[in-house]
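The structure appears right after this line, and notes come after that.
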Amino acid sequence: MLVAYLAPALMAGAGGVASGQSGLTMAAFTSIAGTSAVVALLIGSLLQRRGRSRPWTTALPRIMVAAILAVGAAAIAGLVGWFASRWLPAHTSVVDTARLARLQLDLPISAAVAAVIVSWRWRRQNP
């Protein structure tokens, strides 16, 4: 899980520093890396516990398993990003900021990438 946090944090952080985007640099260590770590933990746990008992995880081609999990993770993360950026400021005292608006893009992309990497590696080890 440490790698699932550090790899996106360092890559996106370096991109933010190189391009002079302080918002990207901050998001790299919060929403981008945090989402990657959480999704890697959840999908990794799901596959380790239930992967063998779910025949589709080993019957389908590796690319299909990765795509299904990536789309599912991105959809859930997209809903969380929408909730945090739109619903919270409208219904609570949370202030609507540009940082919240980034969540609609950062969360689904990070979730999809983490889901693909974890499922691809799991499937390679569990043919």
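Scheme for the structure tokens: letters A, B, ... for chains in order shown; per-chain residue numbers from 1; ligand numbers from 1 in order shown.
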
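Look at Gly15 of chain A: the protein and nucleic acid residues within 9 Å of it, using only C-alpha atoms and passing over chain neighbours fewer than 5 places away, are A:Leu10, A:Gly20, A:Gln21, A:Leu24, A:Thr25.
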
Give me a file of those residues, with N, CA, C and O atoms, as a PDB file, in the first residue's frame.
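The resulting file, result.pdb, is shown below:
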ATOM      1  N   LEU A  10       4.592  10.952  -5.923  1.00  0.00           N
ATOM      2  CA  LEU A  10       5.854  11.452  -6.487  1.00  0.00           C
ATOM      3  C   LEU A  10       5.712  11.854  -7.948  1.00  0.00           C
ATOM      4  O   LEU A  10       6.225  12.892  -8.369  1.00  0.00           O
ATOM      5  N   GLY A  20       4.810  24.160 -12.497  1.00  0.00           N
ATOM      6  CA  GLY A  20       4.478  25.318 -11.682  1.00  0.00           C
ATOM      7  C   GLY A  20       3.038  25.356 -11.215  1.00  0.00           C
ATOM      8  O   GLY A  20       2.516  26.418 -10.893  1.00  0.00           O
ATOM      9  N   GLN A  21       2.379  24.201 -11.156  1.00  0.00           N
ATOM     10  CA  GLN A  21       0.986  24.121 -10.713  1.00  0.00           C
ATOM     11  C   GLN A  21       0.942  23.698  -9.248  1.00  0.00           C
ATOM     12  O   GLN A  21       1.018  22.516  -8.930  1.00  0.00           O
ATOM     13  N   LEU A  24      -1.812  21.117  -8.352  1.00  0.00           N
ATOM     14  CA  LEU A  24      -1.490  19.729  -8.679  1.00  0.00           C
ATOM     15  C   LEU A  24      -0.518  19.148  -7.668  1.00  0.00           C
ATOM     16  O   LEU A  24      -0.654  17.998  -7.256  1.00  0.00           O
ATOM     17  N   THR A  25       0.444  19.945  -7.246  1.00  0.00           N
ATOM     18  CA  THR A  25       1.413  19.467  -6.256  1.00  0.00           C
ATOM     19  C   THR A  25       0.714  19.121  -4.951  1.00  0.00           C
ATOM     20  O   THR A  25       0.985  18.069  -4.354  1.00  0.00           O
TER      21      THR A  25
END

*asked:* Neighbouring residues of Ala9 of chain A were defined as those with any atom within 7 Å, considering only C-alpha atoms; residues of the same chain fewer than 5 positions away were excluded. Please report them as an MDAnalysis selection string.
replied: chainID A and resid 28:29 32:33

Ala115 of chain A: which residues within 9 Å, counting only C-alpha atoms, same-chain residues fewer than 3 positions away excluded, as a tab-separated table (two decimals) with all heavy atoms, in the first residue's frame?
chain	number	residue	atom	x	y	z
A	36	SER	N	-5.49	6.52	-4.63
A	36	SER	CA	-4.77	5.35	-5.14
A	36	SER	C	-4.52	4.33	-4.04
A	36	SER	O	-4.72	3.13	-4.25
A	36	SER	CB	-3.44	5.78	-5.76
A	36	SER	OG	-3.65	6.54	-6.91
A	39	VAL	N	-7.97	2.66	-2.93
A	39	VAL	CA	-8.49	1.75	-3.95
A	39	VAL	C	-7.60	0.51	-4.06
A	39	VAL	O	-8.11	-0.61	-4.17
A	39	VAL	CB	-8.63	2.46	-5.31
A	39	VAL	CG1	-8.92	1.48	-6.44
A	39	VAL	CG2	-9.74	3.50	-5.22
A	40	ALA	N	-6.29	0.68	-4.00
A	40	ALA	CA	-5.38	-0.48	-4.05
A	40	ALA	C	-5.64	-1.41	-2.86
A	40	ALA	O	-5.67	-2.63	-3.03
A	40	ALA	CB	-3.94	0.00	-4.06
A	43	ILE	N	-9.34	-3.11	-3.46
A	43	ILE	CA	-9.37	-4.10	-4.55
A	43	ILE	C	-8.41	-5.25	-4.26
A	43	ILE	O	-8.74	-6.40	-4.52
A	43	ILE	CB	-9.10	-3.43	-5.90
A	43	ILE	CG1	-10.31	-2.57	-6.26
A	43	ILE	CG2	-8.81	-4.47	-6.99
A	43	ILE	CD1	-10.25	-1.89	-7.57
A	44	GLY	N	-7.26	-4.94	-3.71
A	44	GLY	CA	-6.33	-6.00	-3.34
A	44	GLY	C	-6.93	-6.94	-2.31
A	44	GLY	O	-6.82	-8.16	-2.42
A	66	ALA	N	-9.35	-6.29	-15.45
A	66	ALA	CA	-8.82	-4.95	-15.14
A	66	ALA	C	-9.79	-3.86	-15.56
A	66	ALA	O	-10.01	-2.89	-14.82
A	66	ALA	CB	-7.46	-4.76	-15.82
A	67	ALA	N	-10.40	-4.01	-16.72
A	67	ALA	CA	-11.34	-2.99	-17.22
A	67	ALA	C	-12.59	-2.93	-16.35
A	67	ALA	O	-13.06	-1.84	-16.01
A	67	ALA	CB	-11.71	-3.29	-18.66
A	69	LEU	N	-12.96	-3.78	-13.16
A	69	LEU	CA	-12.64	-3.20	-11.87
A	69	LEU	C	-12.31	-1.71	-11.99
A	69	LEU	O	-12.66	-0.91	-11.12
A	69	LEU	CB	-11.51	-3.97	-11.20
A	69	LEU	CG	-11.89	-5.38	-10.75
A	69	LEU	CD1	-10.67	-6.14	-10.27
A	69	LEU	CD2	-12.95	-5.33	-9.67
A	70	ALA	N	-11.64	-1.32	-13.08
A	70	ALA	CA	-11.31	0.10	-13.27
A	70	ALA	C	-12.56	0.94	-13.47
A	70	ALA	O	-12.69	2.03	-12.88
A	70	ALA	CB	-10.37	0.26	-14.47
A	71	VAL	N	-13.48	0.47	-14.28
A	71	VAL	CA	-14.72	1.22	-14.52
A	71	VAL	C	-15.54	1.31	-13.22
A	71	VAL	O	-16.07	2.37	-12.89
A	71	VAL	CB	-15.54	0.58	-15.66
A	71	VAL	CG1	-16.94	1.16	-15.72
A	71	VAL	CG2	-14.82	0.77	-16.98
A	72	GLY	N	-15.62	0.22	-12.49
A	72	GLY	CA	-16.35	0.23	-11.23
A	72	GLY	C	-15.73	1.18	-10.21
A	72	GLY	O	-16.44	1.98	-9.57
A	73	ALA	N	-14.42	1.11	-10.07
A	73	ALA	CA	-13.73	1.99	-9.12
A	73	ALA	C	-13.85	3.45	-9.54
A	73	ALA	O	-14.07	4.33	-8.70
A	73	ALA	CB	-12.26	1.59	-9.00
A	74	ALA	N	-13.72	3.73	-10.83
A	74	ALA	CA	-13.83	5.11	-11.32
A	74	ALA	C	-15.24	5.65	-11.12
A	74	ALA	O	-15.42	6.82	-10.77
A	74	ALA	CB	-13.43	5.18	-12.79
A	110	SER	N	-7.46	8.50	-10.47
A	110	SER	CA	-6.61	7.77	-9.53
A	110	SER	C	-7.17	6.40	-9.22
A	110	SER	O	-6.42	5.42	-9.14
A	110	SER	CB	-6.46	8.57	-8.23
A	110	SER	OG	-5.85	9.79	-8.46
A	111	ALA	N	-8.48	6.32	-9.05
A	111	ALA	CA	-9.11	5.03	-8.74
A	111	ALA	C	-8.97	4.05	-9.90
A	111	ALA	O	-8.65	2.87	-9.70
A	111	ALA	CB	-10.58	5.24	-8.41
A	112	ALA	N	-9.17	4.53	-11.11
A	112	ALA	CA	-9.07	3.65	-12.28
A	112	ALA	C	-7.64	3.14	-12.46
A	112	ALA	O	-7.44	1.94	-12.71
A	112	ALA	CB	-9.52	4.39	-13.54
A	118	VAL	N	-3.48	-2.97	-9.72
A	118	VAL	CA	-3.64	-4.04	-8.72
A	118	VAL	C	-4.23	-5.29	-9.35
A	118	VAL	O	-3.74	-6.40	-9.13
A	118	VAL	CB	-4.50	-3.55	-7.54
A	118	VAL	CG1	-4.90	-4.70	-6.64
A	118	VAL	CG2	-3.74	-2.51	-6.75
A	119	SER	N	-5.29	-5.13	-10.14
A	119	SER	CA	-5.93	-6.31	-10.73
A	119	SER	C	-5.03	-6.98	-11.76
A	119	SER	O	-4.99	-8.21	-11.86
A	119	SER	CB	-7.28	-5.95	-11.34
A	119	SER	OG	-7.13	-5.00	-12.37
A	120	TRP	N	-4.29	-6.20	-12.52
A	120	TRP	CA	-3.37	-6.76	-13.52
A	120	TRP	C	-2.29	-7.59	-12.84
A	120	TRP	O	-1.99	-8.71	-13.26
A	120	TRP	CB	-2.77	-5.63	-14.33
A	120	TRP	CG	-2.09	-6.08	-15.58
A	120	TRP	CD1	-0.77	-6.38	-15.74
A	120	TRP	CD2	-2.70	-6.29	-16.86
A	120	TRP	NE1	-0.52	-6.76	-17.02
A	120	TRP	CE2	-1.69	-6.71	-17.74
A	120	TRP	CE3	-4.00	-6.15	-17.34
A	120	TRP	CZ2	-1.94	-6.99	-19.07
A	120	TRP	CZ3	-4.23	-6.43	-18.66
A	120	TRP	CH2	-3.22	-6.84	-19.51

_Env of Leu103 of chain A: 8 Å cut, atoms = only C-alpha atoms, seq-sep filter 6 positions within chain, self excluded. Answer as number ranges by chain._
A: 31, 81-82, 84-85

With N, CA, C and O atoms retained, write the just-selected residues as a PDB file, in the first residue's frame.
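Below you can see again.pdb, which holds the result:
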ATOM      1  N   SER A  31      -5.451  14.039  -2.506  1.00  0.00           N
ATOM      2  CA  SER A  31      -6.519  13.306  -3.187  1.00  0.00           C
ATOM      3  C   SER A  31      -6.008  12.269  -4.179  1.00  0.00           C
ATOM      4  O   SER A  31      -6.573  11.181  -4.288  1.00  0.00           O
ATOM      5  N   GLY A  81     -16.372  12.089  -5.673  1.00  0.00           N
ATOM      6  CA  GLY A  81     -15.870  13.402  -6.083  1.00  0.00           C
ATOM      7  C   GLY A  81     -16.995  14.391  -6.317  1.00  0.00           C
ATOM      8  O   GLY A  81     -16.905  15.560  -5.918  1.00  0.00           O
ATOM      9  N   TRP A  82     -18.076  13.931  -6.956  1.00  0.00           N
ATOM     10  CA  TRP A  82     -19.228  14.805  -7.170  1.00  0.00           C
ATOM     11  C   TRP A  82     -19.832  15.222  -5.840  1.00  0.00           C
ATOM     12  O   TRP A  82     -20.149  16.386  -5.624  1.00  0.00           O
ATOM     13  N   ALA A  84     -18.443  15.374  -2.896  1.00  0.00           N
ATOM     14  CA  ALA A  84     -17.576  16.295  -2.160  1.00  0.00           C
ATOM     15  C   ALA A  84     -17.534  17.685  -2.786  1.00  0.00           C
ATOM     16  O   ALA A  84     -17.495  18.686  -2.069  1.00  0.00           O
ATOM     17  N   SER A  85     -17.574  17.768  -4.100  1.00  0.00           N
ATOM     18  CA  SER A  85     -17.423  19.077  -4.742  1.00  0.00           C
ATOM     19  C   SER A  85     -18.721  19.813  -4.985  1.00  0.00           C
ATOM     20  O   SER A  85     -18.732  21.034  -5.086  1.00  0.00           O
TER      21      SER A  85
END

*Write down as a VMD selection string the residues of segment 44-93 of chain A whose backbone DSSP state falls under helix (DSSP H, G or I).*
chain A and resid 44 to 50 56 to 59 62 to 91

_Just want the 9 Å neighbourhood of Thr35 of chain A, counted on only C-alpha atoms, with same-chain residues fewer than 6 positions away dropped. Output as a PyMOL selection string._
chain A and resi 5+77+106-108+110-111+114

Could you make a table, as a tab-separated table, of the residues of segment 6-63 of chain A that have an atom within 8 Å of an atom of segment 123-126 of chain A, each with its nearest atom pair and distance in Å to one decimal, counting only C-alpha atoms, in chain and number order?
residue	atom	partner	partner_atom	distance
A:Thr57	CA	A:Arg123	CA	7.7
A:Thr58	CA	A:Arg123	CA	7.2
A:Arg62	CA	A:Arg123	CA	6.3

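In terms of minimum interatomic distance to Thr97 of chain A, A:Gly23 ranks closest within A:Pro55, A:Gly23, A:Ile76, A:Leu47, counting only C-alpha atoms.
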